[in-house]
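Note sheet for the following structure.
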Amino acid sequence: MSFYTLFKKIRPVTDSEEQLRTHLLWYLFIRVFLFTLLVGITLLLQSSERQVILPPQFIIFLFLILIYVYSILSALILKKKKFHLRRFGIIQVLSDTGFVTVVVYATGGSQSIFTPVFILPILAGGLILHRIGGLIPAAAATLLYGFTLVLEYLQVIPKYYFDYRYIVITEYQVSTSVFAVYGLTFFLIALLSGLLARKLRTTEDALSLTEMKFDRLSLLYKQIFDDIITGIITLDSSGLISSFNPAAASITGYTPEEVTGKHFSIFFPALSTGKHDRQVTDFIRKNGKNIRIGYSCSELHMPSNNHFDDPAFSSNKVITLQDVSKLEEMEQQVRDAEKMAVIGKLSASIAHDFRNPLAAISGSAQIMAMDNDAAGEKITSTTHNLTNIILRESERMANTITDFLHYAQPVNPVPQRFNLNNMAQETVDQLSIERLECSGTVFEIAIPEDLEIIADKQLLQLALSHILRNSCYAVGESSEPVVCSARKEEGKYRHEVIIEVDDHGTGIDPAIQDKLFDPFYTTREDTAGLGLAIVKQIVTIHKGTLEIISRIHQGCRIIIRLPLAESTP
C-alpha cells in the first residue's frame with residue numbers, strides 16, 4: 001500500500017459517518033501496530049547495560065494482549081451501524097492516553113523513553129475529530145502525566161526501577177519543569193493538529209468541489225464529443241489518431257476501434273493536416289461510397305508529458321469534418337431554382353410579346369379560312385392546307401405561351417368547395433373538344449358523385465388536363481380507356497384525397513422517369529415540356545405529393561395525394 005493511499009485513509013473526515021467509521025478502524029489498526037512495534041524494537045535493542053527501563057516480560061506480553069483484546073472488541077463495536085461515532089472516537093483517544101500513561105509509568109516515569117508516545121492520541125484526536133478532539137486528549141495526557149510525576153516524586157514506583165540506571169528525583173523543581181515542558185508541548189500539538197485538520201478539511205472540500213466541477217466538465221465534454229453531429233478527430237504530435245467521435249464514425253464508416261492509435265494518413269490520405277480554413281474534398285467511405293466532406297484542421301496545444309521537451313507544449317491537432325453532400329445538393333437546387341426563376345421571368349416576357357402578334361396571325365388565318373369556305377372551288381387546295389397549318393401551329397404556340405405563363409407566374413391557390421366528379425367531367429369534355437388527339441380516346445371517370453373537396457378548382461383542373469393530355473398521347477389509337485378515379489382515405493395518421501389517372505399506354509422509360517418533372521424536358525416534338533412541371537407546381541402549392549408508377553408497354557399511373565381539409569365532408 002502506498003503512502004498516498006494510507007494518507008487518504010487517515011486524513012480528516014468530512015460529515016460522512018461512513019468515512020468516520022473507516023478512519024476509526026484504521027486508527028485501531030495503527031494503535032495495535034505502533035504499540036507492538038515500539039515494544040518489539042525496545043526488546044531487540046535492549047543492551048546488557050540495561051539503560052532502558054522495562055518491566056518484566058510477562059507484564060509486557062500481558063499489556064500487549066490487553067491492547068489486542070481491547071482493539072478487537074472496539075472494532076467489533078464499531079461495526080454496529082447504530083452508534084455515536086464521535087463519542088466512540090473520544091473514548092478511544094482517551095483510552096490510548098491511559099495506555100500510554102501506563103507504558104510511561106512502567107518504563108521509568110520522567111525518565112521513560114516512551115513519553116513522546118502521548119503525541120499519538122493527541123494527533124489522532126485532532127486529525128480525526130478536529131480541534132476539540134485534540135484538546136481533550138491533550139488535557140488528559142497532561143493530567144495523567146502530572147499524576148505519574150507526582151507518584152514518582154513520592155517514590156511510589158516499581159522496585160525493578162533500581163535494576164536499571166534510574167536516577168531518583170528528590171527535588172520537586174525537576175518534576176515541575178518536566179511537567180511544564182511536556183504539558184505545554186501536548187497543548188501546542190493539540191492546537192497545531194486542530195489547525196492542520198481544519199486546513200486539510202478546507203483543502204479537501206475545495207478539492208472535492210474542484211473534482212466535482214471537473215467531473216461535470218468532463219461529462220459535458222464527453223456528452224458534446226459523443227452527441228455533436230460534427231465529426232471530431234484528434235491527432236497527437238506523431239500524427240496518430242488519439243480520439244474519434246461517433247459522428248466521425250458515422251461519416252467515414254470506420255469505427256473508433258479501427259482507427260485509434262493508427263496514423264491519420266492510412267485512412268484519410270486525401271485530407272491535409274496542415275493548418276488551414278475549411279476545405280471540401282471527395283472522400284471514399286469504408287463501404288466504397290464516394291461522398292463530399294468539408295473539413296478543417298487546427299492546432300491543439302496540450303501540456304507535454306516529457307518535462308524536458310522544448311517547447312513546453314506538445315503540438316496536437318484537431319480535425320473537424322462534415323458530410324456536405326446533401327448541403328451541396330441543396331445549394332445546387334437553390335441555384336437551379338434561381339436559374340429557373342430567371343428563365344421564368346424571361347419566358348413570361350417573351351410570351352407576352354408573342355401573344356399579341358400571334359393573336360393577330362391566328363385571327364387573320366381564321367378570316368382567310370372563312371373566306372375560303374365562301375369561295376368554294378375557286379380556292380386551291382394548297383391555300384386551304386396552308387391556312388389549316390397556320391391555324392394549327394398558332395393554336396400550338398398559344399398553348400405553349402399559356403404554359404409558359406402558368407409556370408413562370410404561379411398564383412396562390414384560392415380554396416373553394418367543389419364537386420370533384422363534376423370537375424373531372426368538365427375537364428374531359430373540354431379536352432375532347434379542344435384536342436384532336438383526345439377526340440378518339442375513351443375516358444372513364446370512377447369518382448364518387450358526392451365527393452367534394454376544398455381546393456383551387458381552376459388550378460386542379462389545369463393539372464388534371466395536363467395529365468389527361470399525356471395519357472391521350474400515350475394510349476394513341478388504343479381502345480383501352482383512360483381511367484380517372486378518386487377516393488378519400490381517413491385514418492389515425494392519414495386524412496387525404498387521392499386522385500389517380502391510369503392508362504394502358506406505352507409507359508415511361510425508367511431511365512428518364514426522374515427527369516419528367518424538370519421544366520422544358522420532353523420526349524415529344526409538339527410540346528415545350530412544361531406540362532408535368534406545372535402539375536408538380538400546382539400539387540406542391542396545395543401541400544400534396546405526386547407519384548408516377550410506370551412499366552414499359554404496360555401503362556402508367558399518376559397518383560396525386562392532397563391533404564383533406566377538416567371541413568371537407
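Following the order of the C-alpha cells, first chain is A, next is B, and so on, with residues numbered from 1 inside each chain and ligands from 1 in the order they appear.
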May I have the residues within 7 Å of Phe187 (chain A) as a ChimeraX atom specification, using only C-alpha atoms and disregarding those fewer than 4 positions away in the same chain?
/A:135,138,183,191
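Between CA of Ala446 (chain A) and CA of Cys556 (chain A) lies a distance of 16.8 Å.
Minimum distance to Tyr166 (chain A) across A:Ile508, A:Leu420, A:Val414, A:Leu54 (counting only C-alpha atoms) occurs at A:Leu54.
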Do a neighbour search on Thr185 (chain A) at 12 Å with only C-alpha atoms, toss out local chain neighbours closer than 4 positions, and write the hits as number ranges by chain.
A: 115-116, 118-119, 122-123, 135, 138-139, 141-142, 178-181, 189-193
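One finds CA of Gln279 (chain A) at 18.3 Å from CA of Leu235 (chain A).
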All residues 8 Å or closer to region 500-506 of chain A, only C-alpha atoms, same chain fewer than 6 positions away omitted, as a list in words:
Ile467, Leu468, Ser471, Ala474, Val475, Gly476, Ser478, Glu480, Pro481, Val482, Val483, Cys484, Ser485, Ala486, Ile552, His553, Gln554, Gly555, Cys556, Arg557, Ile558, Ile559 and Ile560 of chain A
